[in-house]
$ cat entry_15.tsv   # TSV, C-alpha atoms
chain	number	residue	atom	x	y	z
A	312	MET	CA	107.76	117.97	102.45
A	313	ALA	CA	107.25	121.10	104.49
A	314	GLU	CA	104.47	120.96	107.03
A	315	ASN	CA	101.43	122.82	105.77
A	316	SER	CA	98.05	122.78	107.48
A	317	GLN	CA	96.38	123.95	104.25
A	318	LEU	CA	97.10	120.69	102.41
A	319	ARG	CA	94.32	118.11	102.48
A	320	LEU	CA	95.03	114.38	102.47
A	321	LEU	CA	92.60	111.48	102.00
A	322	VAL	CA	93.77	107.98	102.95
A	323	VAL	CA	91.62	105.27	101.35
A	324	GLY	CA	91.79	101.93	103.12
A	325	ALA	CA	92.97	103.52	106.34
A	326	GLY	CA	91.81	100.94	108.87
A	327	GLY	CA	94.66	98.46	108.60
A	328	PHE	CA	98.25	98.26	109.69
A	329	ILE	CA	99.72	100.46	106.93
A	330	GLY	CA	96.73	102.80	106.74
A	331	GLY	CA	96.99	103.71	110.40
A	332	HIS	CA	100.63	104.67	109.94
A	333	ILE	CA	99.78	106.79	106.87
A	334	ALA	CA	97.07	108.69	108.75
A	335	ALA	CA	99.34	109.27	111.75
A	336	GLU	CA	102.12	110.60	109.50
A	337	GLY	CA	99.70	112.89	107.70
A	338	LEU	CA	98.72	114.43	111.02
A	339	ARG	CA	102.33	114.69	112.12
A	340	ARG	CA	103.16	116.63	108.96
A	341	GLY	CA	100.31	119.06	109.52
A	342	PHE	CA	97.91	117.82	106.84
A	343	ASP	CA	94.17	118.16	107.17
A	344	THR	CA	93.85	114.37	107.22
A	345	TRP	CA	90.78	112.41	106.12
A	346	VAL	CA	90.36	108.64	106.27
A	347	ALA	CA	88.03	106.61	104.07
A	348	VAL	CA	86.72	103.43	105.71
A	349	ARG	CA	83.88	100.99	105.37
A	350	GLU	CA	81.09	100.82	107.94
A	351	THR	CA	82.60	97.61	109.36
A	352	THR	CA	86.23	98.80	109.34
A	353	SER	CA	88.07	98.63	112.65
A	354	ARG	CA	89.16	102.03	113.92
A	355	ARG	CA	91.72	100.63	116.31
A	356	TYR	CA	94.58	102.58	114.71
A	357	LEU	CA	92.46	105.64	113.89
A	358	SER	CA	91.74	107.02	117.34
A	359	ASP	CA	93.19	110.52	116.91
A	360	PRO	CA	90.32	113.02	117.25
A	361	ARG	CA	91.82	115.23	114.54
A	362	LEU	CA	90.97	112.67	111.84
A	363	HIS	CA	87.96	113.23	109.58
A	364	PHE	CA	86.08	110.07	108.59
A	365	VAL	CA	84.39	109.27	105.28
A	366	VAL	CA	82.36	106.04	105.29
A	367	LEU	CA	82.17	104.55	101.79
A	368	ASP	CA	80.40	101.71	100.02
A	369	TYR	CA	83.00	100.68	97.44
A	370	ASP	CA	80.51	98.48	95.59
A	371	ASP	CA	78.38	101.50	94.65
A	372	ALA	CA	80.14	104.19	92.57
A	373	ASP	CA	77.06	106.46	92.54
A	374	ALA	CA	76.73	106.38	96.32
A	375	MET	CA	80.45	107.02	96.67
A	376	GLN	CA	80.22	110.04	94.40
A	377	ALA	CA	77.52	111.58	96.59
A	378	THR	CA	79.35	110.76	99.82
A	379	LEU	CA	82.68	112.11	98.59
A	380	ALA	CA	81.10	115.30	97.26
A	381	GLU	CA	79.38	115.93	100.58
A	382	ALA	CA	82.55	115.21	102.58
A	383	ALA	CA	84.75	117.37	100.35
A	384	GLY	CA	82.48	120.37	100.84
A	385	GLY	CA	83.56	121.98	97.60
A	386	GLN	CA	87.28	121.56	98.30
A	387	LEU	CA	89.67	119.14	96.61
A	388	TRP	CA	91.91	116.79	98.49
A	389	ASP	CA	95.42	117.73	97.41
A	390	TYR	CA	96.65	114.15	97.75
A	391	ILE	CA	94.93	110.79	97.88
A	392	ILE	CA	96.79	107.67	99.02
A	393	TYR	CA	94.86	104.61	97.89
A	394	ASN	CA	95.85	101.84	100.28
A	395	LEU	CA	92.69	99.74	99.99
A	396	GLY	CA	93.23	96.11	99.01
A	397	ALA	CA	92.90	92.45	99.92
A	398	THR	CA	96.03	90.32	100.41
A	399	LYS	CA	94.12	87.12	101.17
A	400	ALA	CA	90.60	85.95	100.38
A	401	ALA	CA	88.40	82.91	101.01
A	402	ASN	CA	87.04	83.34	97.48
A	403	PHE	CA	89.69	84.23	94.91
A	404	GLY	CA	87.10	86.27	93.03
A	405	ASP	CA	87.29	88.72	95.90
A	406	PHE	CA	90.78	89.72	94.78
A	407	ASN	CA	89.40	91.06	91.51
A	408	ARG	CA	86.42	92.70	93.21
A	409	ILE	CA	88.39	94.43	95.97
A	410	ASN	CA	91.70	95.13	94.26
A	411	TYR	CA	90.37	96.08	90.83
A	412	ASP	CA	86.63	96.84	90.84
A	413	TYR	CA	86.82	99.01	93.95
A	414	LEU	CA	89.64	101.08	92.47
A	415	ARG	CA	87.69	101.55	89.26
A	416	ASN	CA	84.54	102.52	91.19
A	417	PHE	CA	86.42	104.94	93.42
A	418	THR	CA	88.25	106.76	90.64
A	419	ALA	CA	85.03	106.96	88.59
A	420	ALA	CA	83.32	108.53	91.61
A	421	LEU	CA	86.17	111.04	91.95
A	422	ALA	CA	85.95	111.99	88.28
A	423	ASP	CA	82.15	112.33	88.29
A	424	ALA	CA	82.30	114.51	91.41
A	425	SER	CA	85.13	116.62	89.91
A	426	LEU	CA	87.35	115.72	92.88
A	427	MET	CA	90.49	114.47	91.14
A	428	PRO	CA	93.46	115.38	93.39
A	429	ARG	CA	96.86	116.79	92.47
A	430	LYS	CA	98.46	113.39	93.09
A	431	PHE	CA	96.94	109.90	93.50
A	432	LEU	CA	99.32	107.34	95.01
A	433	TYR	CA	98.27	103.72	94.47
A	434	MET	CA	99.66	100.96	96.67
A	435	SER	CA	100.34	97.97	94.47
A	436	SER	CA	102.75	95.16	95.34
A	437	LEU	CA	105.97	93.51	94.23
A	438	SER	CA	103.77	90.45	93.62
A	439	ALA	CA	102.32	92.30	90.62
A	440	LEU	CA	105.60	91.53	88.83
A	441	GLY	CA	105.50	87.77	89.34
A	442	PRO	CA	108.55	85.54	89.77
A	443	GLY	CA	111.92	87.01	88.84
A	444	ASP	CA	115.28	85.43	88.03
A	445	GLU	CA	115.17	82.24	90.08
A	446	LYS	CA	118.60	81.01	88.91
A	447	GLY	CA	120.95	83.98	88.69
A	448	TYR	CA	119.13	86.06	91.33
A	449	THR	CA	119.12	89.21	89.18
A	450	PRO	CA	117.28	91.94	91.15
A	451	TYR	CA	113.91	93.30	90.09
A	452	ASP	CA	114.17	96.77	88.57
A	453	SER	CA	112.06	99.18	86.51
A	454	SER	CA	112.81	97.27	83.30
A	455	PHE	CA	111.21	94.04	84.57
A	456	ARG	CA	108.22	92.91	82.52
A	457	PRO	CA	105.32	91.88	84.79
A	458	ASN	CA	104.19	88.26	84.64
A	459	PRO	CA	102.26	87.61	87.87
A	460	ASN	CA	101.57	84.00	88.80
A	461	THR	CA	99.15	84.53	91.70
A	462	ARG	CA	95.56	85.70	91.72
A	463	TYR	CA	96.57	88.47	94.10
A	464	GLY	CA	99.35	89.61	91.77
A	465	LEU	CA	97.03	89.45	88.75
A	466	SER	CA	94.47	91.67	90.46
A	467	LYS	CA	97.19	94.20	91.31
A	468	ILE	CA	98.63	94.36	87.80
A	469	LYS	CA	95.09	94.69	86.42
A	470	ALA	CA	94.57	97.71	88.70
A	471	GLU	CA	97.88	99.18	87.54
A	472	MET	CA	96.88	98.75	83.90
A	473	TYR	CA	93.58	100.49	84.60
A	474	LEU	CA	95.42	103.52	85.96
A	475	GLU	CA	97.86	103.50	83.03
A	476	THR	CA	94.97	103.72	80.57
A	477	HIS	CA	93.51	106.75	82.39
A	478	PRO	CA	96.01	109.60	81.99
A	479	ASP	CA	93.47	111.98	83.56
A	480	ILE	CA	94.22	110.29	86.90
A	481	PRO	CA	97.45	111.79	88.34
A	482	TRP	CA	98.70	108.40	89.51
A	483	ILE	CA	101.92	107.25	91.13
A	484	ILE	CA	102.32	103.51	91.68
A	485	PHE	CA	104.26	101.94	94.56
A	486	ARG	CA	105.27	98.27	94.40
A	487	PRO	CA	106.51	97.54	97.92
A	488	THR	CA	108.12	94.29	98.94
A	489	GLY	CA	107.12	92.67	102.26
A	490	VAL	CA	106.02	95.38	104.69
A	491	TYR	CA	106.59	94.75	108.40
A	492	GLY	CA	106.46	96.61	111.69
A	493	PRO	CA	104.44	96.80	114.91
A	494	HIS	CA	100.86	95.47	114.54
A	495	GLU	CA	101.51	93.68	111.21
A	496	ARG	CA	100.05	90.15	111.42
A	497	ASP	CA	101.83	87.85	108.93
A	498	TYR	CA	105.40	88.54	110.04
A	499	LEU	CA	104.13	88.48	113.62
A	500	MET	CA	103.31	84.81	113.08
A	501	MET	CA	106.98	84.21	112.21
A	502	VAL	CA	108.08	86.14	115.30
A	503	LYS	CA	105.77	84.04	117.47
A	504	CYS	CA	107.16	80.82	116.00
A	505	ILE	CA	110.72	81.90	116.71
A	506	ASP	CA	109.64	82.92	120.22
A	507	SER	CA	108.46	79.29	120.55
A	508	HIS	CA	111.96	78.17	119.41
A	509	PHE	CA	110.97	77.06	115.90
A	510	ASP	CA	111.45	78.69	112.49
A	511	PHE	CA	109.55	77.14	109.60
A	512	GLY	CA	110.75	77.54	106.03
A	513	VAL	CA	109.80	76.13	102.64
A	514	GLY	CA	112.17	74.54	100.12
A	515	TYR	CA	115.84	73.73	100.36
A	516	ARG	CA	117.32	76.09	97.77
A	517	ARG	CA	118.70	79.48	98.82
A	518	GLN	CA	116.01	82.13	99.20
A	519	MET	CA	116.76	85.86	99.22
A	520	LEU	CA	114.16	87.96	101.03
A	521	THR	CA	113.56	91.70	100.99
A	522	PHE	CA	111.71	93.88	103.48
A	523	ILE	CA	110.55	97.44	104.04
A	524	TYR	CA	109.78	98.80	107.49
A	525	VAL	CA	106.40	100.51	107.60
A	526	ALA	CA	107.81	103.88	108.69
A	527	ASP	CA	110.20	103.91	105.72
A	528	LEU	CA	107.37	103.02	103.34
A	529	VAL	CA	105.14	105.80	104.67
A	530	THR	CA	107.95	108.36	104.52
A	531	ALA	CA	108.53	107.35	100.90
A	532	MET	CA	104.85	107.97	100.12
A	533	PHE	CA	104.95	111.56	101.32
A	534	ASP	CA	108.31	112.20	99.64
A	535	ALA	CA	106.94	110.87	96.34
A	536	LEU	CA	103.83	113.04	96.61
A	537	ALA	CA	105.99	116.12	97.19
A	538	SER	CA	108.31	115.45	94.24
A	539	ASP	CA	107.78	116.97	90.78
A	540	ALA	CA	109.37	113.93	89.12
A	541	THR	CA	106.96	111.15	90.12
A	542	MET	CA	103.83	111.70	88.05
A	543	HIS	CA	102.76	108.61	86.08
A	544	ARG	CA	105.74	106.59	87.30
A	545	LYS	CA	106.06	103.26	89.12
A	546	TYR	CA	108.48	102.52	91.95
A	547	ILE	CA	109.75	99.41	93.67
A	548	ILE	CA	110.02	100.16	97.39
A	549	SER	CA	112.37	98.01	99.45
A	550	GLU	CA	115.33	98.20	101.73
A	551	PRO	CA	118.09	97.99	99.07
A	552	ARG	CA	119.57	94.70	100.24
A	553	ALA	CA	118.33	91.15	100.61
A	554	TYR	CA	118.55	88.70	103.50
A	555	THR	CA	118.49	84.95	103.96
A	556	GLN	CA	115.95	83.35	106.24
A	557	LYS	CA	118.78	82.48	108.61
A	558	GLU	CA	119.69	86.17	108.91
A	559	PHE	CA	116.06	87.05	109.61
A	560	ARG	CA	115.80	84.27	112.21
A	561	THR	CA	119.01	85.34	113.93
A	562	MET	CA	117.88	88.97	114.20
A	563	VAL	CA	114.48	88.03	115.61
A	564	ALA	CA	116.03	85.58	118.10
A	565	ARG	CA	118.50	88.25	119.24
A	566	ALA	CA	115.72	90.79	119.75
A	567	LEU	CA	113.70	88.21	121.70
A	568	GLY	CA	116.68	87.14	123.79
A	569	THR	CA	116.13	83.60	122.52
A	570	LYS	CA	119.18	81.44	121.96
A	571	ALA	CA	117.81	78.07	120.86
A	572	VAL	CA	115.79	78.19	117.64
A	573	ILE	CA	115.27	75.05	115.58
A	574	PRO	CA	114.99	75.68	111.82
A	575	VAL	CA	112.44	73.37	110.17
A	576	LYS	CA	112.48	73.10	106.38
A	577	LEU	CA	109.38	71.74	104.68
A	578	PRO	CA	109.72	70.24	101.19
A	579	LEU	CA	107.76	72.08	98.54
A	580	TRP	CA	105.32	69.23	98.03
A	581	ALA	CA	104.40	69.21	101.73
A	582	ALA	CA	103.93	72.99	101.76
A	583	TYR	CA	101.70	72.76	98.70
A	584	ALA	CA	99.55	70.00	100.25
A	585	ALA	CA	99.14	72.04	103.44
A	586	SER	CA	98.20	75.10	101.36
A	587	VAL	CA	95.47	73.22	99.50
A	588	VAL	CA	93.97	71.86	102.72
A	589	ALA	CA	94.08	75.25	104.48
A	590	GLU	CA	92.53	76.94	101.45
A	591	LYS	CA	89.62	74.46	101.34
A	592	ILE	CA	88.99	74.95	105.06
A	593	GLY	CA	88.95	78.71	104.48
A	594	ALA	CA	86.45	78.32	101.64
A	595	VAL	CA	84.12	76.21	103.81
A	596	THR	CA	84.33	78.51	106.85
A	597	LEU	CA	84.32	81.69	104.69
A	598	LYS	CA	87.40	82.88	106.58
A	599	PRO	CA	90.48	83.78	104.48
A	600	SER	CA	93.42	81.54	105.31
A	601	THR	CA	96.94	82.97	105.53
A	602	LEU	CA	98.11	79.71	103.96
A	603	ASN	CA	96.69	79.03	100.47
A	604	ARG	CA	97.88	78.23	96.96
A	605	ASP	CA	98.64	81.88	96.26
A	606	LYS	CA	100.73	82.08	99.42
A	607	TYR	CA	102.48	78.84	98.46
A	608	LYS	CA	103.68	80.38	95.19
A	609	ILE	CA	105.01	83.38	97.12
A	610	MET	CA	106.79	81.14	99.65
A	611	LYS	CA	108.18	79.01	96.83
A	612	GLN	CA	109.76	82.00	95.12
A	613	ARG	CA	113.50	82.13	95.79
A	614	ASN	CA	114.47	85.61	94.61
A	615	TRP	CA	112.97	88.83	96.00
A	616	THR	CA	116.01	91.06	95.56
A	617	CYS	CA	115.28	94.59	94.30
A	618	ARG	CA	116.86	97.71	92.87
A	619	VAL	CA	115.37	101.02	93.98
A	620	ASP	CA	117.44	103.40	91.86
A	621	ASP	CA	114.39	105.14	90.35
A	622	ALA	CA	112.97	105.98	93.78
A	623	VAL	CA	116.36	107.25	94.95
A	624	ARG	CA	116.68	109.44	91.85
A	625	ASP	CA	113.15	110.86	91.77
A	626	PHE	CA	112.40	111.53	95.43
A	627	GLY	CA	115.53	110.68	97.42
A	628	PHE	CA	114.25	107.38	98.78
A	629	HIS	CA	116.26	105.86	101.59
A	630	ALA	CA	115.59	103.26	104.26
A	631	ASP	CA	116.29	104.56	107.75
A	632	TYR	CA	115.40	101.16	109.20
A	633	PRO	CA	117.71	98.34	108.13
A	634	LEU	CA	116.17	95.00	108.99
A	635	GLU	CA	117.85	94.58	112.37
A	636	ARG	CA	116.61	97.96	113.61
A	637	GLY	CA	113.12	97.34	112.27
A	638	ILE	CA	113.00	93.87	113.80
A	639	ALA	CA	114.05	95.30	117.17
A	640	GLU	CA	111.14	97.79	117.04
A	641	THR	CA	108.68	95.12	115.91
A	642	VAL	CA	109.73	92.58	118.55
A	643	ALA	CA	109.66	95.23	121.30
A	644	ALA	CA	106.02	96.00	120.40
A	645	TYR	CA	105.21	92.28	120.36
A	646	LEU	CA	106.75	91.77	123.81
A	647	ARG	CA	104.82	94.71	125.23
A	648	GLU	CA	101.55	93.29	123.91
A	649	LYS	CA	102.49	89.86	125.24
A	650	GLU	CA	103.15	91.28	128.70
A	651	GLU	CA	99.90	93.25	128.67
A	652	ALA	CA	98.00	90.08	127.74
A	653	LYS	CA	99.58	88.26	130.69
A	654	LYS	CA	98.55	91.02	133.08
A	655	LYS	CA	94.95	90.88	131.86
A	656	LYS	CA	94.83	87.12	132.50
A	657	SER	CA	96.34	87.37	135.99
$ encode --input "entry_15.tsv" --output "structure tokens"
Amino acid sequence: MAENSQLRLLVVGAGGFIGGHIAAEGLRRGFDTWVAVRETTSRRYLSDPRLHFVVLDYDDADAMQATLAEAAGGQLWDYIIYNLGATKAANFGDFNRINYDYLRNFTAALADASLMPRKFLYMSSLSALGPGDEKGYTPYDSSFRPNPNTRYGLSKIKAEMYLETHPDIPWIIFRPTGVYGPHERDYLMMVKCIDSHFDFGVGYRRQMLTFIYVADLVTAMFDALASDATMHRKYIISEPRAYTQKEFRTMVARALGTKAVIPVKLPLWAAYAASVVAEKIGAVTLKPSTLNRDKYKIMKQRNWTCRVDDAVRDFGFHADYPLERGIAETVAAYLREKEEAKKKKS
């Protein structure tokens, strides 16, 4: 996409790991970049003074309509990237509220304020498809019929179906696989474990994992928005090859300079028991647990291989960061933060 300061971009759900990268890329490409956040949203990754903030209450469509109309000032946003969502929740009902109700409220507010953009890119998830071929390891592709088996996945497919039934919304749907990079928290836990010389896995049968580095995902977003072929289409976004956990472990250990890493395989029953306990603790403390029954089903799944032919065809998708390069960048950021933490303590 050519840089053009006249184009206006709104990033919804901009406060997190991916949202910060989207906003930074929008600025880099010369967009007049706006970020929608909640009052309590961290602005850690949104420190650039060129960003325009819109503070929204996603529970109140009427209030959102008024706030958006005032912020827009009579001008449309050319593109909206809707990155808002919950990946874990202490109360599973929050998945439906945040991943479905908020989308419905936001798009209703846009329509009522006559602020529908030229393109609306919705960030869904590969989990919206549910488990794939667990025996023959056939890759996911555009012909796969969704059958999600997690509450998170169900909320995402429900949001997708809402968009599909509203042709007045100029939607594009992305279904990324596991997104990683500097500042991401879940894969960071795995990096920290390997740094401590342990690598924990679940199940004994071969598992094929897929990844997408955050910079590649964000580049794909802007390329899809610029393409004339993407309207009302859905795309799996992944590096177009899969890896074993051993390959992932080896790459992380190499980047860390760690030689001795002990792989620890937990049987499925033990992982499930730990997930139930962690989930109950999260419900009592009202703090979402990374480990829960939803996460167990994701960890249990053996086949995450993907085909990305549609994305290649429609907007020239490519992954500049194969896993080893992305891991090197991610680990380097982790080591810098680790060193800075040591200096603060000393």
$ closest_residue --input "entry_15.tsv" --among "A:Ser549, A:Thr569, A:Ser435, A:Ser586" --to "A:Leu602" --atoms "all atoms listed in the file"
A:Ser586
$ closest_atom_pairs --input "entry_15.tsv" --of "stretch 509-551 of chain A" --to "stretch 488-499 of chain A" --cutoff "8 Å" --atoms "only C-alpha atoms" --output "CSV"
residue,atom,partner,partner_atom,distance
A:Thr521,CA,A:Thr488,CA,6.4
A:Phe522,CA,A:Gly489,CA,4.9
A:Ile523,CA,A:Val490,CA,5.0
A:Tyr524,CA,A:Tyr491,CA,5.2
A:Val525,CA,A:Gly492,CA,5.7
A:Ala526,CA,A:Gly492,CA,8.0
A:Leu528,CA,A:Val490,CA,7.9
A:Ile547,CA,A:Thr488,CA,7.5
A:Ile548,CA,A:Thr488,CA,6.4
A:Ser549,CA,A:Thr488,CA,5.7
$ residues_around --input "entry_15.tsv" --residues "stretch 361-371 of chain A" --least-positions-apart "3" --cutoff "7 Å" --atoms "all atoms listed in the file" --output "number ranges by chain"
A: 344-350, 374-375, 382, 413, 416-417
$ write_last_selection --input "entry_15.tsv" --atoms "C-alpha atoms" --output "PDB file, in the coordinates of the input"
ATOM      1  CA  THR A 344      93.850 114.370 107.220  1.00  0.00           C
ATOM      2  CA  TRP A 345      90.780 112.410 106.120  1.00  0.00           C
ATOM      3  CA  VAL A 346      90.360 108.640 106.270  1.00  0.00           C
ATOM      4  CA  ALA A 347      88.030 106.610 104.070  1.00  0.00           C
ATOM      5  CA  VAL A 348      86.720 103.430 105.710  1.00  0.00           C
ATOM      6  CA  ARG A 349      83.880 100.990 105.370  1.00  0.00           C
ATOM      7  CA  GLU A 350      81.090 100.820 107.940  1.00  0.00           C
ATOM      8  CA  ALA A 374      76.730 106.380  96.320  1.00  0.00           C
ATOM      9  CA  MET A 375      80.450 107.020  96.670  1.00  0.00           C
ATOM     10  CA  ALA A 382      82.550 115.210 102.580  1.00  0.00           C
ATOM     11  CA  TYR A 413      86.820  99.010  93.950  1.00  0.00           C
ATOM     12  CA  ASN A 416      84.540 102.520  91.190  1.00  0.00           C
ATOM     13  CA  PHE A 417      86.420 104.940  93.420  1.00  0.00           C
TER      14      PHE A 417
END
$ atom_distance --input "entry_15.tsv" --atom1 "atom CA of A:Ile392" --atom2 "atom CA of A:Ala553"
27.2 Å
$ residues_around --input "entry_15.tsv" --residues "stretch 534-540 of chain A" --least-positions-apart "3" --cutoff "7 Å" --atoms "all atoms listed in the file" --output "VMD selection string"
chain A and resid 312 430 530 to 531 625 to 626
$ closest_residue --input "entry_15.tsv" --among "A:Tyr433, A:Phe342, A:Tyr451, A:Tyr515" --to "A:Asp621" --atoms "all atoms listed in the file"
A:Tyr451
$ residues_near_point --input "entry_15.tsv" --point "(108.3, 90.6, 121.8)" --cutoff "9 Å" --atoms "only C-alpha atoms" --output "ChimeraX atom specification"
/A:502-503,506,566-567,639,641-650
$ closest_residue --input "entry_15.tsv" --among "A:Leu634, A:Ala335, A:Val595, A:Ala564" --to "A:Asn402" --atoms "all atoms listed in the file"
A:Val595
$ closest_residue --input "entry_15.tsv" --among "A:Lys655, A:Gln518, A:Met562, A:Thr601" --to "A:Tyr448" --atoms "all atoms listed in the file"
A:Gln518
$ atom_distance --input "entry_15.tsv" --atom1 "atom CA of A:Glu558" --atom2 "atom CA of A:Cys504"
15.4 Å
$ residues_around --input "entry_15.tsv" --residues "stretch 463-474 of chain A" --least-positions-apart "6" --cutoff "6 Å" --atoms "all atoms listed in the file" --output "list in words"
Phe406, Asn407, Asn410, Tyr411, Ser435, Ser438 and Ala439 of chain A
$ write_last_selection --input "entry_15.tsv" --atoms "C-alpha atoms" --output "CSV table (one decimal), in the frame of the given file"
chain,number,residue,atom,x,y,z
A,406,PHE,CA,90.8,89.7,94.8
A,407,ASN,CA,89.4,91.1,91.5
A,410,ASN,CA,91.7,95.1,94.3
A,411,TYR,CA,90.4,96.1,90.8
A,435,SER,CA,100.3,98.0,94.5
A,438,SER,CA,103.8,90.4,93.6
A,439,ALA,CA,102.3,92.3,90.6
$ closest_residue --input "entry_15.tsv" --among "A:Arg552, A:Arg429, A:Arg340, A:Arg456" --to "A:Pro442" --atoms "all atoms listed in the file"
A:Arg456
$ residues_around --input "entry_15.tsv" --residues "A:Lys606" --least-positions-apart "6" --cutoff "12 Å" --atoms "only C-alpha atoms" --output "short mmCIF file (atom, residue, chain, number, x, y, z; two decimals) with C-alpha atoms, in the coordinates of the input"
data_model
loop_
_atom_site.label_atom_id
_atom_site.label_comp_id
_atom_site.auth_asym_id
_atom_site.auth_seq_id
_atom_site.Cartn_x
_atom_site.Cartn_y
_atom_site.Cartn_z
CA THR A 398 96.03 90.32 100.41
CA LYS A 399 94.12 87.12 101.17
CA ALA A 400 90.60 85.95 100.38
CA SER A 438 103.77 90.45 93.62
CA ASN A 460 101.57 84.00 88.80
CA THR A 461 99.15 84.53 91.70
CA ARG A 462 95.56 85.70 91.72
CA TYR A 463 96.57 88.47 94.10
CA GLY A 464 99.35 89.61 91.77
CA ASP A 497 101.83 87.85 108.93
CA VAL A 513 109.80 76.13 102.64
CA ALA A 582 103.93 72.99 101.76
CA TYR A 583 101.70 72.76 98.70
CA ALA A 585 99.14 72.04 103.44
CA SER A 586 98.20 75.10 101.36
CA VAL A 587 95.47 73.22 99.50
CA ALA A 589 94.08 75.25 104.48
CA GLU A 590 92.53 76.94 101.45
CA PRO A 599 90.48 83.78 104.48
CA SER A 600 93.42 81.54 105.31
CA GLN A 612 109.76 82.00 95.12
#
$ closest_residue --input "entry_15.tsv" --among "A:Leu318, A:Ile573, A:Ala584, A:Val563" --to "A:Ile638" --atoms "all atoms listed in the file"
A:Val563
$ atom_distance --input "entry_15.tsv" --atom1 "atom CA of A:Phe559" --atom2 "atom CA of A:Ala630"
17.1 Å
$ residues_around --input "entry_15.tsv" --residues "A:Ala422" --least-positions-apart "5" --cutoff "12 Å" --atoms "all atoms listed in the file" --output "PDB file with C-alpha atoms, keeping the file's coordinate frame"
ATOM      1  CA  ALA A 372      80.140 104.190  92.570  1.00  0.00           C
ATOM      2  CA  ASP A 373      77.060 106.460  92.540  1.00  0.00           C
ATOM      3  CA  MET A 375      80.450 107.020  96.670  1.00  0.00           C
ATOM      4  CA  GLN A 376      80.220 110.040  94.400  1.00  0.00           C
ATOM      5  CA  ALA A 377      77.520 111.580  96.590  1.00  0.00           C
ATOM      6  CA  LEU A 379      82.680 112.110  98.590  1.00  0.00           C
ATOM      7  CA  ALA A 380      81.100 115.300  97.260  1.00  0.00           C
ATOM      8  CA  LEU A 387      89.670 119.140  96.610  1.00  0.00           C
ATOM      9  CA  ARG A 415      87.690 101.550  89.260  1.00  0.00           C
ATOM     10  CA  ASN A 416      84.540 102.520  91.190  1.00  0.00           C
ATOM     11  CA  PHE A 417      86.420 104.940  93.420  1.00  0.00           C
ATOM     12  CA  MET A 427      90.490 114.470  91.140  1.00  0.00           C
ATOM     13  CA  PRO A 428      93.460 115.380  93.390  1.00  0.00           C
ATOM     14  CA  HIS A 477      93.510 106.750  82.390  1.00  0.00           C
ATOM     15  CA  ASP A 479      93.470 111.980  83.560  1.00  0.00           C
ATOM     16  CA  ILE A 480      94.220 110.290  86.900  1.00  0.00           C
ATOM     17  CA  PRO A 481      97.450 111.790  88.340  1.00  0.00           C
TER      18      PRO A 481
END
$ decode --input "entry_15.tsv" --residues "stretch 403-415 of chain A" --atoms "N, CA and C atoms" --output "PDB file, in the first residue's frame"
ATOM      1  N   PHE A 403     -16.608 -17.845  31.649  1.00  0.00           N
ATOM      2  CA  PHE A 403     -16.696 -18.145  30.223  1.00  0.00           C
ATOM      3  C   PHE A 403     -17.763 -17.321  29.509  1.00  0.00           C
ATOM      4  N   GLY A 404     -18.727 -16.788  30.264  1.00  0.00           N
ATOM      5  CA  GLY A 404     -19.710 -15.906  29.655  1.00  0.00           C
ATOM      6  C   GLY A 404     -19.082 -14.635  29.108  1.00  0.00           C
ATOM      7  N   ASP A 405     -17.907 -14.292  29.630  1.00  0.00           N
ATOM      8  CA  ASP A 405     -17.218 -13.096  29.142  1.00  0.00           C
ATOM      9  C   ASP A 405     -16.777 -13.252  27.695  1.00  0.00           C
ATOM     10  N   PHE A 406     -16.517 -14.483  27.259  1.00  0.00           N
ATOM     11  CA  PHE A 406     -16.147 -14.683  25.858  1.00  0.00           C
ATOM     12  C   PHE A 406     -17.256 -14.189  24.938  1.00  0.00           C
ATOM     13  N   ASN A 407     -18.482 -14.563  25.242  1.00  0.00           N
ATOM     14  CA  ASN A 407     -19.611 -14.147  24.413  1.00  0.00           C
ATOM     15  C   ASN A 407     -19.809 -12.637  24.491  1.00  0.00           C
ATOM     16  N   ARG A 408     -19.699 -12.087  25.696  1.00  0.00           N
ATOM     17  CA  ARG A 408     -19.904 -10.650  25.877  1.00  0.00           C
ATOM     18  C   ARG A 408     -18.847  -9.833  25.131  1.00  0.00           C
ATOM     19  N   ILE A 409     -17.590 -10.201  25.286  1.00  0.00           N
ATOM     20  CA  ILE A 409     -16.498  -9.406  24.713  1.00  0.00           C
ATOM     21  C   ILE A 409     -16.300  -9.705  23.232  1.00  0.00           C
ATOM     22  N   ASN A 410     -16.339 -10.979  22.861  1.00  0.00           N
ATOM     23  CA  ASN A 410     -16.018 -11.343  21.478  1.00  0.00           C
ATOM     24  C   ASN A 410     -17.201 -11.246  20.520  1.00  0.00           C
ATOM     25  N   TYR A 411     -18.411 -11.277  21.059  1.00  0.00           N
ATOM     26  CA  TYR A 411     -19.592 -11.178  20.193  1.00  0.00           C
ATOM     27  C   TYR A 411     -20.394  -9.898  20.443  1.00  0.00           C
ATOM     28  N   ASP A 412     -20.837  -9.707  21.703  1.00  0.00           N
ATOM     29  CA  ASP A 412     -21.702  -8.552  21.991  1.00  0.00           C
ATOM     30  C   ASP A 412     -21.003  -7.231  21.678  1.00  0.00           C
ATOM     31  N   TYR A 413     -19.725  -7.135  22.016  1.00  0.00           N
ATOM     32  CA  TYR A 413     -19.022  -5.877  21.766  1.00  0.00           C
ATOM     33  C   TYR A 413     -18.906  -5.581  20.264  1.00  0.00           C
ATOM     34  N   LEU A 414     -18.676  -6.622  19.479  1.00  0.00           N
ATOM     35  CA  LEU A 414     -18.626  -6.428  18.027  1.00  0.00           C
ATOM     36  C   LEU A 414     -19.977  -5.953  17.503  1.00  0.00           C
ATOM     37  N   ARG A 415     -21.025  -6.580  17.964  1.00  0.00           N
ATOM     38  CA  ARG A 415     -22.375  -6.200  17.535  1.00  0.00           C
ATOM     39  C   ARG A 415     -22.679  -4.756  17.937  1.00  0.00           C
TER      40      ARG A 415
END
